[in-house]
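**Q** If you scroll down you'll find the structure; I have some questions about it.
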Amino acid sequence: MTRTVLVVEDEVKIRDLVRAYLEHDGLTVITTGSGAEALSLVSSAQPDLVVLDLRLPDVPGEGVAREVRASSPVPIVILTAKSGEEERIRGLELGVDDYVTKPFSPRELVLRVQAVLRRSAAIPVGGPADGVVSFGGGDLVIDESRHEVRVRGDLVALTPTEWGVLIALAGRPGRVYSRLELVNRVRGYEFDGYERTVDTHVKNLRRKIEGDTREPRIVQTVLGAGYRLGLSRDS
Ligand code: CA
């Protein structure tokens with residue numbers, strides 16, 4: 001199955017370069033230079049991943065990321081010329097799945113895109129054994145092979161990073177995972193110490209799976225230590 005990537009970038013040269021590299025890698029590419037059009041393409045074309053430049057002429061990329069994230073779990077990789085650490089972190093706090101800083105190597109971008117696509121496919125991240133696993137008397141049901149999560153019976157759509165965090169925690173319910181451990185589990189490589197971006201993904205995850213986000217039962221915070229799955233595994 002060919003996967004489709006939406007590239008949102010107003011600089012034609014960069015857009016064409018990114019398109020060429022992604023197509024060379026076997027991906028189908030659609031492009032736009034407009035943030036507003038990107039938002040409508042996400043719902044109409046249903047891409048498998050969005051490459052998003054943060055500096056767009058109409059809507060700022062941050063706004064695009066936020067709106068996409070509010071309505072869709074599609075993975076997002078941002079392109080940013082903003083190299084200051086604070087700005088990068090702010091980008092990641094939007095709940096995106098990865099970022100590439102300009103000027104970038106197109107080959108590196110392709111590798112990042114492929115890595116995120118792999119994470120969003122039905123590949124176990126090393127949590128519970130393959131198959132359907134239930135927690136908290138059926139409140140949380142994870143089907144790793146089908147890449148599905150049900151909470152109180154309802155199917156929940158997660159981003160690849162949210163899925164990875166949940167699967168890591170569910171691998172050993174009750175065990176506390178530090179932010180750094182989670183970053184490494186989910187991404188599979190060191191991530192420049194941007195551990196606090198985990199908090200954003202956890203916040204977004206909680207919005208989707210917790211009945212009351214102020215008193216999370218599923219993904220619990222352990223102060224000063226990290227996060228743990230608050231439900232036990234059903235036998
Ligand atoms: Ca731009």
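Chains: A, B, ... in order of the structure tokens. Residues: from 1 per chain. Ligands: from 1, in order shown.
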Within 10 Å of Thr159 of chain A, counting only C-alpha atoms, which residues qualify if same-chain residues fewer than 4 places away don't, as a list in words?
**A**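 Result of the neighbour search: Arg69, Ser72, Pro73, Val74, Pro75, Ile76, Gly95, Val96, Asp97, Val116, Arg119, Ser120, Trp163, Gly164, Val165, His201, Asn204 and Leu205 of chain A.
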**Q** Could you save the residues just selected, with C-alpha atoms, as a compact mmCIF listing (two decimals), in the first residue's frame?
**A**
# COMPACT_ATOMS: atom_id res chain seq x y z
CA ARG A 69 -3.91 17.79 16.18
CA SER A 72 -6.77 14.10 13.57
CA PRO A 73 -4.10 11.70 14.85
CA VAL A 74 -2.12 11.98 11.57
CA PRO A 75 1.62 12.04 12.33
CA ILE A 76 3.30 15.43 11.90
CA GLY A 95 2.20 17.36 20.00
CA VAL A 96 4.07 16.79 16.74
CA ASP A 97 5.94 13.52 16.24
CA VAL A 116 7.50 8.01 12.05
CA ARG A 119 5.92 3.79 14.32
CA SER A 120 2.40 4.50 13.10
CA TRP A 163 0.48 5.10 20.96
CA GLY A 164 4.15 4.50 21.75
CA VAL A 165 3.87 6.09 25.20
CA HIS A 201 1.98 13.89 24.40
CA ASN A 204 -3.02 14.91 24.59
CA LEU A 205 -3.24 11.20 25.34
**Q** Within 7 Å of ligand 1, which residues of chain A come that close, and what is the closest atom pair and distance in Å for each? Count only C-alpha atoms and all ligand atoms and give it as a tab-separated table.
**A**
residue	atom	partner	partner_atom_place_in_ligand_line	distance
A:Glu9	CA	ligand 1	1 (Ca)	5.5
A:Asp10	CA	ligand 1	1 (Ca)	5.0
A:Glu11	CA	ligand 1	1 (Ca)	5.5
A:Asp53	CA	ligand 1	1 (Ca)	5.7
A:Leu54	CA	ligand 1	1 (Ca)	6.6
A:Arg55	CA	ligand 1	1 (Ca)	4.2
A:Leu56	CA	ligand 1	1 (Ca)	4.8
**Q** DSSP on the backbone: which residues in segment 28-91 of chain A end up as strand (DSSP E or B)? Give the answer as a list in words.
**A**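 Strand (DSSP E or B) members of segment 28-91 of chain A, listed: Thr28, Val29, Ile30, Thr31, Thr32, Leu49, Val50, Val51, Leu52, Asp53, Ile76, Val77, Ile78, Leu79 and Thr80 of chain A.
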**Q** Please identify all polymer residues within 9 Å of Arg146 of chain A, counting only C-alpha atoms, omitting same-chain residues fewer than 3 positions from it, and present them as a PyMOL selection string.
**A** chain A and resi 122+131-132+142-143+149
**Q** Which one is closest to Arg233 of chain A: A:Arg172, A:Arg118, A:His147, A:Lys102? Count only C-alpha atoms.
**A** A:Arg172
**Q** Just want the 12 Å neighbourhood of Val77 of chain A, counted on only C-alpha atoms, with same-chain residues fewer than 5 positions away dropped. Output as an MDAnalysis selection string.
**A** chainID A and resid 5:8 48:54 61:62 65 91:92 94:101 108:117 159:161
**Q** Go ahead and write the selection's residues with N, CA and C atoms as an mmCIF file, in the first residue's frame.
**A**
data_model
loop_
_atom_site.group_PDB
_atom_site.id
_atom_site.type_symbol
_atom_site.label_atom_id
_atom_site.label_comp_id
_atom_site.auth_asym_id
_atom_site.auth_seq_id
_atom_site.Cartn_x
_atom_site.Cartn_y
_atom_site.Cartn_z
ATOM 1 N N VAL A 5 2.065 11.377 1.719
ATOM 2 C CA VAL A 5 2.595 12.422 2.592
ATOM 3 C C VAL A 5 2.147 13.777 2.064
ATOM 4 N N LEU A 6 1.596 14.586 2.950
ATOM 5 C CA LEU A 6 1.243 15.957 2.599
ATOM 6 C C LEU A 6 2.403 16.858 3.010
ATOM 7 N N VAL A 7 2.972 17.561 2.031
ATOM 8 C CA VAL A 7 4.084 18.478 2.320
ATOM 9 C C VAL A 7 3.551 19.911 2.289
ATOM 10 N N VAL A 8 3.674 20.599 3.420
ATOM 11 C CA VAL A 8 3.178 21.968 3.515
ATOM 12 C C VAL A 8 4.380 22.892 3.625
ATOM 13 N N ASP A 48 -1.132 10.033 5.219
ATOM 14 C CA ASP A 48 -0.615 9.184 6.301
ATOM 15 C C ASP A 48 0.363 9.934 7.190
ATOM 16 N N LEU A 49 0.833 11.080 6.677
ATOM 17 C CA LEU A 49 1.785 11.883 7.455
ATOM 18 C C LEU A 49 1.805 13.293 6.870
ATOM 19 N N VAL A 50 2.079 14.277 7.714
ATOM 20 C CA VAL A 50 2.182 15.662 7.249
ATOM 21 C C VAL A 50 3.580 16.188 7.566
ATOM 22 N N VAL A 51 4.270 16.704 6.534
ATOM 23 C CA VAL A 51 5.518 17.441 6.741
ATOM 24 C C VAL A 51 5.130 18.913 6.713
ATOM 25 N N LEU A 52 5.399 19.605 7.810
ATOM 26 C CA LEU A 52 4.847 20.948 7.967
ATOM 27 C C LEU A 52 5.928 21.969 8.264
ATOM 28 N N ASP A 53 6.066 22.946 7.353
ATOM 29 C CA ASP A 53 6.963 24.062 7.598
ATOM 30 C C ASP A 53 6.301 24.990 8.613
ATOM 31 N N LEU A 54 7.076 25.495 9.562
ATOM 32 C CA LEU A 54 6.459 26.366 10.578
ATOM 33 C C LEU A 54 6.259 27.792 10.079
ATOM 34 N N GLY A 61 2.567 27.930 10.967
ATOM 35 C CA GLY A 61 2.594 26.478 11.051
ATOM 36 C C GLY A 61 2.149 25.954 12.414
ATOM 37 N N GLU A 62 2.475 26.701 13.474
ATOM 38 C CA GLU A 62 2.064 26.275 14.813
ATOM 39 C C GLU A 62 0.548 26.142 14.887
ATOM 40 N N ALA A 65 -0.540 23.077 13.005
ATOM 41 C CA ALA A 65 -0.281 21.865 13.794
ATOM 42 C C ALA A 65 -1.342 21.704 14.878
ATOM 43 N N GLY A 91 7.695 24.019 19.450
ATOM 44 C CA GLY A 91 7.174 23.253 18.318
ATOM 45 C C GLY A 91 6.784 21.846 18.735
ATOM 46 N N LEU A 92 7.668 21.231 19.485
ATOM 47 C CA LEU A 92 7.386 19.861 19.907
ATOM 48 C C LEU A 92 6.237 19.802 20.898
ATOM 49 N N LEU A 94 3.598 21.171 20.605
ATOM 50 C CA LEU A 94 2.346 21.149 19.876
ATOM 51 C C LEU A 94 1.841 19.722 19.708
ATOM 52 N N GLY A 95 2.630 18.749 20.136
ATOM 53 C CA GLY A 95 2.196 17.364 19.999
ATOM 54 C C GLY A 95 2.578 16.764 18.656
ATOM 55 N N VAL A 96 3.615 17.348 18.012
ATOM 56 C CA VAL A 96 4.071 16.785 16.744
ATOM 57 C C VAL A 96 4.960 15.573 17.037
ATOM 58 N N ASP A 97 5.250 14.782 16.019
ATOM 59 C CA ASP A 97 5.943 13.524 16.242
ATOM 60 C C ASP A 97 7.444 13.596 16.021
ATOM 61 N N ASP A 98 7.873 14.566 15.247
ATOM 62 C CA ASP A 98 9.311 14.786 15.098
ATOM 63 C C ASP A 98 9.517 16.143 14.428
ATOM 64 N N TYR A 99 10.769 16.581 14.366
ATOM 65 C CA TYR A 99 11.055 17.839 13.696
ATOM 66 C C TYR A 99 12.401 17.730 12.994
ATOM 67 N N VAL A 100 12.570 18.556 11.975
ATOM 68 C CA VAL A 100 13.850 18.640 11.272
ATOM 69 C C VAL A 100 14.168 20.122 11.146
ATOM 70 N N THR A 101 15.394 20.485 11.502
ATOM 71 C CA THR A 101 15.765 21.896 11.486
ATOM 72 C C THR A 101 16.388 22.278 10.150
ATOM 73 N N GLU A 108 18.034 13.030 5.561
ATOM 74 C CA GLU A 108 17.659 12.915 6.964
ATOM 75 C C GLU A 108 16.149 13.060 7.122
ATOM 76 N N LEU A 109 15.564 13.992 6.371
ATOM 77 C CA LEU A 109 14.112 14.170 6.452
ATOM 78 C C LEU A 109 13.393 12.877 6.062
ATOM 79 N N VAL A 110 13.860 12.249 4.975
ATOM 80 C CA VAL A 110 13.231 11.009 4.529
ATOM 81 C C VAL A 110 13.338 9.943 5.618
ATOM 82 N N LEU A 111 14.499 9.855 6.257
ATOM 83 C CA LEU A 111 14.679 8.861 7.321
ATOM 84 C C LEU A 111 13.729 9.121 8.483
ATOM 85 N N ARG A 112 13.579 10.409 8.835
ATOM 86 C CA ARG A 112 12.657 10.753 9.935
ATOM 87 C C ARG A 112 11.225 10.395 9.567
ATOM 88 N N VAL A 113 10.855 10.734 8.331
ATOM 89 C CA VAL A 113 9.494 10.452 7.865
ATOM 90 C C VAL A 113 9.235 8.947 7.889
ATOM 91 N N GLN A 114 10.197 8.176 7.389
ATOM 92 C CA GLN A 114 10.019 6.721 7.369
ATOM 93 C C GLN A 114 9.937 6.165 8.790
ATOM 94 N N ALA A 115 10.747 6.735 9.696
ATOM 95 C CA ALA A 115 10.725 6.252 11.082
ATOM 96 C C ALA A 115 9.361 6.508 11.719
ATOM 97 N N VAL A 116 8.809 7.690 11.469
ATOM 98 C CA VAL A 116 7.502 8.010 12.053
ATOM 99 C C VAL A 116 6.419 7.134 11.414
ATOM 100 N N LEU A 117 6.508 6.919 10.103
ATOM 101 C CA LEU A 117 5.522 6.054 9.436
ATOM 102 C C LEU A 117 5.595 4.631 9.997
ATOM 103 N N THR A 159 -1.998 9.342 18.015
ATOM 104 C CA THR A 159 -0.846 9.611 17.159
ATOM 105 C C THR A 159 0.192 8.525 17.437
ATOM 106 N N PRO A 160 1.179 8.355 16.528
ATOM 107 C CA PRO A 160 2.206 7.333 16.760
ATOM 108 C C PRO A 160 2.922 7.531 18.098
ATOM 109 N N THR A 161 3.169 8.774 18.461
ATOM 110 C CA THR A 161 3.885 9.014 19.715
ATOM 111 C C THR A 161 3.001 8.688 20.915
#
